[in-house]
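Here is the structure we will look at.
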Amino acid sequence: MKILILGGTGEARELAARLVALGHEVTTSLAGRTTSPLLPDGELRVGKFGGVPGLVGYLRAMRFDRLVDATHPYAGLISINAVAAAEQTGIPLVRCMRPEWVEPEGAAWRHVRDLAQAADALPALATVLVTTGHQELETLLQRDDCRFVVRLIEPPALPLPRHARLLLARPPYTLEQELRLFRDEAITHLVSKNSGGAQTSAKLEAARSSGVEVIMLDRPEYGPAVEVDSVEAAVRAVAG
């Protein structure tokens, strides 16, 4: 089959390798936000599609048999567009979504819908580790009565304000590293997306051990698809 994977995650790379090994013709599409991404097996496409019409046109022109959304759980618009494009083309959509982190007993995470609610939840003089990525950072950083440590893989397009410090680092992170960061920066609050997976989960244990309050952005809902929670299940779903 001809398969288009909307990628950018470790699961997407693993899935591409598995499907190529099975003899499928696989193209992985990357948004192009990361300048030096880890490349998947098979063909590669980089850049935006141009909304739903562009994605529909590409799917039809290339005659794909399957569409797989293996983007980040908070990828947003592309996941919404994938649902619409699948409905318009009739191409089956498989969504590979890693399981959410489960709130440990006694952790008392504060659940919020977006970064605006996260900003409202912060007390004055908080020292905040932010691990939510580039999008809408300015909403959170408007709280100039707090101090922020913003951890990103690549620098943002605009410089951070004076009350925020940029920390460039690429996962995975160990528990020892996270505990040291929380201690050295005197972190009082962690703002995180519920991304799931093992590469960045140590921050949650470090927060629990350090008495740091976790403000967790809940996952969005994207609409109908065959949703699976592992690469193995995605391989089976694509074949089906």
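The chains in the structure tokens are called A, B, ... from first to last as shown; in each chain the residues are counted from 1, and the ligands are counted from 1 in the order shown.
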Please, which residues of region 19-182 of chain A, numbered as in this document, come out helix (DSSP H, G or I) from DSSP, as a VMD selection string? chain A and resid 19 to 21 51 to 62 77 to 89 115 to 121 137 to 141 175 to 182
Can I get the selection written as a compact mmCIF listing (two decimals), in the first residue's frame, with N, CA and C atoms?
```
# COMPACT_ATOMS: atom_id res chain seq x y z
N LEU A 19 6.76 -0.39 8.54
CA LEU A 19 5.94 -0.51 7.34
C LEU A 19 6.80 -0.66 6.08
N VAL A 20 7.93 0.05 6.04
CA VAL A 20 8.85 -0.10 4.91
C VAL A 20 9.39 -1.53 4.88
N ALA A 21 9.72 -2.07 6.05
CA ALA A 21 10.24 -3.44 6.11
C ALA A 21 9.21 -4.46 5.64
N GLY A 51 -3.65 23.72 4.52
CA GLY A 51 -4.97 23.44 5.07
C GLY A 51 -5.56 22.15 4.55
N VAL A 52 -6.85 21.97 4.81
CA VAL A 52 -7.54 20.76 4.39
C VAL A 52 -7.52 20.60 2.87
N PRO A 53 -7.79 21.66 2.08
CA PRO A 53 -7.76 21.48 0.62
C PRO A 53 -6.41 20.98 0.11
N GLY A 54 -5.32 21.50 0.68
CA GLY A 54 -3.99 21.07 0.25
C GLY A 54 -3.72 19.63 0.59
N LEU A 55 -4.13 19.21 1.79
CA LEU A 55 -3.93 17.82 2.21
C LEU A 55 -4.78 16.88 1.37
N VAL A 56 -6.02 17.27 1.11
CA VAL A 56 -6.90 16.46 0.26
C VAL A 56 -6.31 16.31 -1.13
N GLY A 57 -5.82 17.43 -1.69
CA GLY A 57 -5.23 17.39 -3.02
C GLY A 57 -4.00 16.50 -3.09
N TYR A 58 -3.18 16.56 -2.05
CA TYR A 58 -1.97 15.74 -2.02
C TYR A 58 -2.31 14.26 -1.90
N LEU A 59 -3.24 13.93 -1.04
CA LEU A 59 -3.64 12.54 -0.88
C LEU A 59 -4.17 11.95 -2.18
N ARG A 60 -4.98 12.74 -2.87
CA ARG A 60 -5.56 12.27 -4.12
C ARG A 60 -4.52 12.19 -5.23
N ALA A 61 -3.69 13.21 -5.33
CA ALA A 61 -2.71 13.25 -6.42
C ALA A 61 -1.71 12.11 -6.30
N MET A 62 -1.32 11.78 -5.07
CA MET A 62 -0.33 10.73 -4.83
C MET A 62 -0.96 9.35 -4.67
N LEU A 77 -3.64 21.66 14.69
CA LEU A 77 -4.36 21.86 13.45
C LEU A 77 -4.17 20.71 12.46
N ILE A 78 -2.98 20.16 12.35
CA ILE A 78 -2.76 19.10 11.37
C ILE A 78 -3.58 17.87 11.72
N SER A 79 -3.76 17.59 13.01
CA SER A 79 -4.58 16.45 13.41
C SER A 79 -6.05 16.69 13.11
N ILE A 80 -6.50 17.93 13.28
CA ILE A 80 -7.88 18.29 12.92
C ILE A 80 -8.07 18.17 11.41
N ASN A 81 -7.08 18.67 10.66
CA ASN A 81 -7.16 18.62 9.20
C ASN A 81 -7.14 17.18 8.68
N ALA A 82 -6.40 16.31 9.38
CA ALA A 82 -6.33 14.91 8.95
C ALA A 82 -7.71 14.26 9.01
N VAL A 83 -8.48 14.57 10.03
CA VAL A 83 -9.83 14.02 10.15
C VAL A 83 -10.69 14.48 8.98
N ALA A 84 -10.64 15.78 8.69
CA ALA A 84 -11.45 16.33 7.60
C ALA A 84 -11.01 15.76 6.25
N ALA A 85 -9.70 15.63 6.04
CA ALA A 85 -9.19 15.12 4.76
C ALA A 85 -9.58 13.66 4.57
N ALA A 86 -9.53 12.87 5.64
CA ALA A 86 -9.94 11.46 5.55
C ALA A 86 -11.41 11.35 5.20
N GLU A 87 -12.22 12.21 5.79
CA GLU A 87 -13.65 12.17 5.51
C GLU A 87 -13.93 12.55 4.05
N GLN A 88 -13.19 13.53 3.53
CA GLN A 88 -13.45 14.00 2.16
C GLN A 88 -12.92 13.03 1.11
N THR A 89 -11.85 12.34 1.40
CA THR A 89 -11.25 11.43 0.42
C THR A 89 -11.70 9.99 0.58
N LEU A 115 -2.83 27.49 27.81
CA LEU A 115 -1.80 28.25 28.53
C LEU A 115 -2.36 29.51 29.18
N ALA A 116 -3.48 30.00 28.69
CA ALA A 116 -4.11 31.14 29.36
C ALA A 116 -4.58 30.73 30.76
N GLN A 117 -5.20 29.56 30.86
CA GLN A 117 -5.61 29.06 32.17
C GLN A 117 -4.40 28.73 33.04
N ALA A 118 -3.34 28.22 32.40
CA ALA A 118 -2.11 27.93 33.16
C ALA A 118 -1.53 29.21 33.75
N ALA A 119 -1.52 30.28 32.98
CA ALA A 119 -1.01 31.56 33.46
C ALA A 119 -1.84 32.06 34.65
N ASP A 120 -3.15 31.91 34.55
CA ASP A 120 -4.02 32.35 35.64
C ASP A 120 -3.80 31.53 36.91
N ALA A 121 -3.36 30.27 36.73
CA ALA A 121 -3.20 29.38 37.89
C ALA A 121 -1.92 29.64 38.66
N LEU A 137 3.79 30.63 23.78
CA LEU A 137 4.61 30.92 24.96
C LEU A 137 4.32 32.30 25.53
N GLU A 138 4.09 33.25 24.63
CA GLU A 138 3.89 34.63 25.07
C GLU A 138 2.71 34.75 26.02
N THR A 139 1.72 33.88 25.87
CA THR A 139 0.56 33.92 26.76
C THR A 139 0.98 33.68 28.19
N LEU A 140 1.85 32.72 28.39
CA LEU A 140 2.34 32.39 29.73
C LEU A 140 3.31 33.44 30.25
N LEU A 141 4.17 33.92 29.37
CA LEU A 141 5.24 34.82 29.79
C LEU A 141 4.75 36.24 30.05
N LEU A 175 15.96 11.12 35.80
CA LEU A 175 15.43 11.64 37.06
C LEU A 175 16.49 12.46 37.78
N GLU A 176 17.73 12.00 37.76
CA GLU A 176 18.81 12.74 38.43
C GLU A 176 18.96 14.13 37.81
N GLN A 177 18.92 14.21 36.48
CA GLN A 177 19.03 15.51 35.82
C GLN A 177 17.88 16.43 36.19
N GLU A 178 16.68 15.87 36.23
CA GLU A 178 15.51 16.69 36.54
C GLU A 178 15.53 17.17 37.99
N LEU A 179 15.91 16.30 38.90
CA LEU A 179 15.99 16.71 40.30
C LEU A 179 17.02 17.82 40.49
N ARG A 180 18.15 17.71 39.77
CA ARG A 180 19.17 18.75 39.86
C ARG A 180 18.65 20.08 39.32
N LEU A 181 17.93 20.02 38.20
CA LEU A 181 17.36 21.24 37.61
C LEU A 181 16.37 21.89 38.57
N PHE A 182 15.48 21.09 39.15
CA PHE A 182 14.49 21.64 40.07
C PHE A 182 15.17 22.28 41.28
```
When DSSP works through the backbone of this structure, what residues of region 15-190 of chain A end up as strand (DSSP E), shown as an NGL selection string? :A and (25-30 or 43-46 or 66-69 or 93-96 or 110-112 or 127-130 or 147-152 or 164-168 or 189-190)
Do a neighbour search on Glu14 (chain A) at 8 Å with only C-alpha atoms, toss out local chain neighbours closer than 4 positions, and write the hits as a PDB file with C-alpha atoms, in the first residue's frame.
```pdb
ATOM      1  CA  GLY A  10       9.679   8.668  17.664  1.00  0.00           C
ATOM      2  CA  ARG A  18       8.185  -1.218  10.319  1.00  0.00           C
ATOM      3  CA  PRO A  40      12.515   8.217   9.006  1.00  0.00           C
ATOM      4  CA  VAL A 231       3.333   1.227  17.005  1.00  0.00           C
TER       5      VAL A 231
END
```
CA of Pro220 (chain A) to CA of Thr174 (chain A), distance in Å rounded to a single decimal: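 Computing it gives 27.5 Å between the two atoms.
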What lies within 7 Å of Glu43 (chain A) using only C-alpha atoms, ignoring chain neighbours under 6 positions off, as a VMD selection string? chain A and resid 26 to 28
Go ahead and save the picked residues with C-alpha atoms, as a PDB file, in the first residue's frame.
```pdb
ATOM      1  CA  VAL A  26       5.733   4.987   2.903  1.00  0.00           C
ATOM      2  CA  THR A  27       6.011   8.773   2.858  1.00  0.00           C
ATOM      3  CA  THR A  28       6.473  10.672   6.120  1.00  0.00           C
TER       4      THR A  28
END
```
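In this model, the gap between CA of Pro73 (chain A) and CA of His111 (chain A) comes to 16.2 Å.
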I want to know what sits within 6 Å of region 96-98 of chain A, based on only C-alpha atoms, with residues of the same chain fewer than 2 positions away left out; could you give that as JSON, numbers by chain? {"A": [70, 227, 228, 229]}
Near Gly196 (chain A), counting only C-alpha atoms, which residues have an atom at most 12 Å away, once you skip same-chain residues fewer than 2 positions from it, shown as a list in words?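 Contacts, with the query itself left out: Thr9, Glu11, His72, Pro73, Tyr74, Met97, Arg98, Pro99, Glu100, Trp101, Val102, Glu103, Ser192, Lys193, Asn194, Ala198, Gln199, Thr200, Ser201, Ala202, Lys203, Leu204, Met216, Leu217, Asp218, Arg219, Asp229 and Ser230 of chain A.
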Using only C-alpha atoms, which residue out of A:Arg208, A:Arg110, A:His189, A:Lys2 lies closest to Ala124 (chain A)?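 Among the listed residues, A:His189 lies closest to Ala124 (chain A).
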